[in-house]
file run-v6.cif (mmCIF, C-alpha atoms (C1' of nucleotides))
data_coords
loop_
_atom_site.label_atom_id
_atom_site.label_comp_id
_atom_site.auth_asym_id
_atom_site.auth_seq_id
_atom_site.Cartn_x
_atom_site.Cartn_y
_atom_site.Cartn_z
CA MET A 1 0.00 0.00 0.00
CA LYS A 2 2.47 2.57 0.97
CA ASN A 3 4.92 2.36 -1.83
CA THR A 4 7.42 4.55 -0.06
CA ASN A 5 9.58 4.69 -3.10
CA THR A 6 9.92 8.41 -2.92
CA PHE A 7 12.16 9.51 -0.12
CA PHE A 8 9.62 12.21 0.66
CA GLU A 9 7.28 9.60 2.02
CA LYS A 10 10.17 8.10 3.91
CA VAL A 11 10.82 11.46 5.46
CA PHE A 12 7.17 11.73 6.46
CA GLU A 13 7.30 8.29 8.04
CA ILE A 14 10.30 9.22 10.12
CA VAL A 15 9.01 12.62 11.11
CA LYS A 16 5.70 11.14 12.14
CA LYS A 17 7.61 8.68 14.31
CA ILE A 18 9.19 11.46 16.30
CA PRO A 19 7.88 11.05 19.87
CA TYR A 20 6.30 13.87 21.84
CA GLY A 21 8.75 16.38 23.22
CA ARG A 22 11.53 15.27 20.91
CA VAL A 23 13.12 16.90 17.88
CA THR A 24 15.40 15.86 15.05
CA SER A 25 17.45 17.47 12.33
CA TYR A 26 17.30 17.47 8.56
CA GLY A 27 20.77 15.99 8.42
CA ALA A 28 19.78 13.11 10.70
CA ILE A 29 16.84 12.21 8.51
CA ALA A 30 18.89 12.59 5.36
CA GLU A 31 21.61 10.45 6.82
CA TYR A 32 19.10 7.83 7.84
CA LEU A 33 17.88 7.72 4.25
CA GLY A 34 21.47 7.52 3.11
CA ILE A 35 21.47 10.92 1.45
CA ARG A 36 23.50 13.08 3.78
CA SER A 37 24.31 15.33 0.87
CA SER A 38 20.67 15.86 0.11
CA ALA A 39 19.61 17.26 3.46
CA ARG A 40 17.94 20.12 1.65
CA MET A 41 15.63 17.64 -0.02
CA VAL A 42 14.38 16.81 3.45
CA GLY A 43 13.55 20.47 3.94
CA TRP A 44 11.73 20.42 0.64
CA ALA A 45 9.78 17.40 1.82
CA MET A 46 8.66 19.49 4.77
CA ASN A 47 7.57 22.16 2.33
CA ILE A 48 5.14 19.84 0.60
CA SER A 49 4.23 18.26 3.93
CA HIS A 50 2.45 21.40 5.05
CA SER A 51 0.83 21.62 1.62
CA SER A 52 -0.17 18.01 1.85
CA LYS A 53 -3.08 16.82 3.97
CA LYS A 54 -0.78 14.58 5.96
CA ASN A 55 -0.23 15.54 9.57
CA VAL A 56 3.51 15.79 9.62
CA PRO A 57 5.01 17.38 12.76
CA ALA A 58 7.50 19.34 10.73
CA HIS A 59 7.89 21.66 13.68
CA ARG A 60 9.91 18.92 15.34
CA VAL A 61 12.43 19.08 12.55
CA VAL A 62 15.14 21.70 12.81
CA ASN A 63 18.54 22.27 11.31
CA ARG A 64 21.84 20.95 12.66
CA ASN A 65 22.22 23.92 14.98
CA GLY A 66 18.83 23.28 16.57
CA MET A 67 17.64 26.48 14.95
CA LEU A 68 14.06 26.90 13.79
CA THR A 69 14.98 27.79 10.26
CA GLY A 70 11.68 26.85 8.64
CA LYS A 71 9.41 28.48 11.17
CA HIS A 72 8.21 30.95 8.57
CA HIS A 73 6.59 28.14 6.62
CA PHE A 74 4.21 27.10 9.35
CA GLY A 75 1.85 29.92 8.59
CA GLY A 76 3.48 32.15 11.17
CA PRO A 77 6.93 33.09 12.44
CA ASP A 78 6.07 32.00 15.96
CA VAL A 79 3.87 28.98 15.29
CA MET A 80 6.77 26.56 15.26
CA GLN A 81 8.22 27.93 18.48
CA GLN A 82 4.85 27.84 20.20
CA LEU A 83 4.36 24.21 19.21
CA LEU A 84 7.77 23.19 20.53
CA GLU A 85 7.31 25.13 23.76
CA SER A 86 3.94 23.46 24.10
CA GLU A 87 5.79 20.15 24.17
CA GLY A 88 8.08 21.27 26.96
CA ILE A 89 10.94 22.41 24.76
CA THR A 90 12.51 25.77 25.53
CA ILE A 91 13.31 28.07 22.64
CA VAL A 92 15.75 30.92 23.00
CA ASP A 93 16.68 33.20 20.13
CA GLU A 94 14.88 30.89 17.71
CA LYS A 95 17.12 28.11 18.93
CA ILE A 96 16.37 24.99 20.98
CA VAL A 97 17.88 24.92 24.47
CA ASP A 98 19.61 21.62 25.31
CA PHE A 99 19.01 20.56 21.75
CA ASN A 100 21.21 17.55 22.33
CA LYS A 101 18.93 16.45 25.15
CA TYR A 102 15.77 16.72 23.05
CA PHE A 103 17.45 15.41 19.94
CA TRP A 104 15.84 12.26 18.58
CA ASN A 105 18.11 10.26 16.34
CA PRO A 106 16.23 8.08 13.82
CA LEU A 107 19.40 6.07 13.27
CA LYS A 108 19.37 5.14 16.92
CA GLU A 109 15.63 4.71 17.39
CA ILE A 110 14.86 3.08 14.07
CA THR A 111 17.63 0.54 13.85
CA GLU A 112 15.49 -1.73 11.75
CA VAL A 113 13.96 -0.90 8.44
"C1'" DT B 114 10.42 19.44 -22.26
"C1'" DT B 115 14.09 22.22 -19.97
"C1'" DG B 116 15.69 24.85 -16.29
"C1'" DC B 117 15.50 26.93 -11.70
"C1'" DT B 118 14.72 26.73 -7.00
"C1'" DG B 119 14.25 24.94 -2.29
"C1'" DA B 120 12.86 24.96 5.46
"C1'" DC B 121 20.42 22.01 4.55
"C1'" DC B 122 25.16 20.45 5.41
"C1'" DG B 123 29.91 20.17 4.82
"C1'" DA B 124 34.18 21.58 2.59
"C1'" DC B 125 37.26 25.07 0.71
"C1'" DG B 126 39.74 29.62 0.21
"C1'" DC C 127 35.98 34.12 10.73
"C1'" DC C 128 33.09 34.57 6.78
"C1'" DG C 129 31.57 33.99 2.04
"C1'" DT C 130 30.83 30.76 -1.66
"C1'" DC C 131 29.96 26.34 -3.95
"C1'" DG C 132 28.64 21.54 -4.72
"C1'" DG C 133 25.34 17.84 -4.06
"C1'" DC C 134 20.90 15.37 -4.23
"C1'" DC C 135 15.38 14.98 -5.82
"C1'" DA C 136 11.05 16.72 -6.95
"C1'" DG C 137 7.72 20.33 -8.08
"C1'" DC C 138 6.47 24.24 -10.95
"C1'" DA C 139 6.48 27.85 -14.98
#

call {"tool": "encode", "arguments": {"input": "run-v6.cif", "output": "structure tokens"}}
result
Amino acid sequence: MKNTNTFFEKVFEIVKKIPYGRVTSYGAIAEYLGIRSSARMVGWAMNISHSSKKNVPAHRVVNRNGMLTGKHHFGGPDVMQQLLESEGITIVDEKIVDFNKYFWNPLKEITEV
DNA sequence: TTGCTGACCGACG
DNA sequence: CCGTCGGCCAGCA
């Protein structure tokens, strides 16, 4: 049924698997898919994710620095931050505090395909 | 159909 | 330290 041939759908699967109060990075997802060089494709996947009817918690996906780079695409510059803070994550200067603590590594959590 | 762009990351000068 | 470029895939004009 889910012919996840396109890595976009793979990205959605991973992002949707992110537990509550956790975040991940584009690079981590890209690396999990085996396309570390194509981390920007992951960001593009997020772009269509908000356009799509799928409920993808793209707000839990940030860049390598833990910075909310794509917050502007959530329909508001503060929507992403509000969502993360709502999950118990502290945001300072558009950046996640203790990002390493909240970081959710798909490579570590999803060891099996 | 072709070409450009995109919410990134890492390397190089 | 900072600016620039390459890389990968898919959507859109």

call {"tool": "closest_atom_pairs", "arguments": {"input": "run-v6.cif", "of": "chain B", "to": "chain A", "cutoff": "10 Å", "atoms": "all atoms listed in the file", "output": "tab-separated table"}}
result
residue	atom	partner	partner_atom	distance
B:DG119	C1'	A:Trp44	CA	5.9
B:DA120	C1'	A:Gly70	CA	3.9
B:DC121	C1'	A:Arg40	CA	4.3
B:DC122	C1'	A:Ala39	CA	6.7
B:DG123	C1'	A:Ser37	CA	8.4

call {"tool": "atom_distance", "arguments": {"input": "run-v6.cif", "atom1": "atom C1' of B:DC117", "atom2": "atom CA of A:Pro57"}}
result
28.3 Å

call {"tool": "interface_residues", "arguments": {"input": "run-v6.cif", "of": "chain C", "to": "chain A", "cutoff": "9 Å", "atoms": "only C-alpha atoms (C1' of nucleotides)", "output": "list in words"}}
result
DG133, DC134, DC135 and DA136 of chain C

call {"tool": "resolve_selection", "arguments": {"input": "run-v6.cif", "expression": "the PyMOL selection byres ((chain B and resi 114) around 12)", "output": "NGL selection string"}}
result
(:B and (115-116)) or (:C and (139))

call {"tool": "resolve_selection", "arguments": {"input": "run-v6.cif", "expression": "the PyMOL selection byres ((chain A and resi 98) around 12)", "output": "NGL selection string"}}
result
:A and (22-23 or 65-67 or 88-92 or 95-97 or 99-103)

call {"tool": "atom_distance", "arguments": {"input": "run-v6.cif", "atom1": "atom C1' of C:DC131", "atom2": "atom CA of A:Ala28"}}
result
22.2 Å

call {"tool": "atom_distance", "arguments": {"input": "run-v6.cif", "atom1": "atom CA of A:Lys17", "atom2": "atom C1' of B:DT118"}}
result
28.8 Å

call {"tool": "axis_aligned_box", "arguments": {"input": "run-v6.cif", "around": "chain B", "padding_each_side": "3 Å", "output": "lines of an AutoDock Vina configuration file"}}
result
center_x = 25.1
center_y = 24.5
center_z = -8.4
size_x = 35.3
size_y = 16.2
size_z = 33.7

call {"tool": "residues_around", "arguments": {"input": "run-v6.cif", "residues": "A:Ile110", "least_positions_apart": "6", "cutoff": "12 Å", "atoms": "all atoms listed in the file", "output": "number ranges by chain"}}
result
A: 13-15, 17-18, 28-29, 32-33, 104

call {"tool": "build_atoms", "arguments": {"input": "run-v6.cif", "residues": "stretch 93-107 of chain A", "atoms": "N, CA, C and O atoms", "output": "compact mmCIF listing (two decimals), in the frame of the given file"}}
result
# COMPACT_ATOMS: atom_id res chain seq x y z
N ASP A 93 16.08 32.61 21.33
CA ASP A 93 16.68 33.20 20.13
C ASP A 93 16.47 32.29 18.93
O ASP A 93 17.38 32.02 18.15
N GLU A 94 15.24 31.77 18.81
CA GLU A 94 14.88 30.89 17.71
C GLU A 94 15.74 29.63 17.69
O GLU A 94 15.94 29.03 16.65
N LYS A 95 16.25 29.27 18.86
CA LYS A 95 17.12 28.11 18.93
C LYS A 95 16.68 27.23 20.10
O LYS A 95 16.22 27.73 21.12
N ILE A 96 16.80 25.92 19.94
CA ILE A 96 16.37 24.99 20.98
C ILE A 96 17.42 24.87 22.08
O ILE A 96 18.58 24.64 21.81
N VAL A 97 16.96 25.06 23.34
CA VAL A 97 17.88 24.92 24.47
C VAL A 97 18.06 23.44 24.77
O VAL A 97 17.12 22.66 24.72
N ASP A 98 19.29 23.03 25.08
CA ASP A 98 19.61 21.62 25.31
C ASP A 98 19.14 20.76 24.15
O ASP A 98 18.52 19.73 24.32
N PHE A 99 19.43 21.25 22.97
CA PHE A 99 19.01 20.56 21.75
C PHE A 99 19.48 19.11 21.76
O PHE A 99 18.76 18.21 21.35
N ASN A 100 20.66 18.90 22.27
CA ASN A 100 21.21 17.55 22.33
C ASN A 100 20.36 16.63 23.20
O ASN A 100 20.25 15.43 22.96
N LYS A 101 19.75 17.24 24.22
CA LYS A 101 18.93 16.45 25.15
C LYS A 101 17.60 16.06 24.51
O LYS A 101 17.09 14.96 24.70
N TYR A 102 17.05 16.98 23.72
CA TYR A 102 15.77 16.72 23.05
C TYR A 102 15.95 16.01 21.71
O TYR A 102 14.99 15.56 21.11
N PHE A 103 17.18 15.98 21.25
CA PHE A 103 17.45 15.41 19.94
C PHE A 103 17.03 13.94 19.86
O PHE A 103 17.33 13.15 20.74
N TRP A 104 16.32 13.63 18.81
CA TRP A 104 15.84 12.26 18.58
C TRP A 104 16.47 11.73 17.31
O TRP A 104 16.14 12.15 16.22
N ASN A 105 17.38 10.77 17.48
CA ASN A 105 18.11 10.26 16.34
C ASN A 105 17.42 9.05 15.72
O ASN A 105 17.33 8.01 16.32
N PRO A 106 16.91 9.19 14.51
CA PRO A 106 16.23 8.08 13.82
C PRO A 106 17.17 6.89 13.63
O PRO A 106 16.74 5.74 13.66
N LEU A 107 18.44 7.16 13.46
CA LEU A 107 19.40 6.07 13.27
C LEU A 107 19.48 5.21 14.52
O LEU A 107 19.74 4.02 14.46
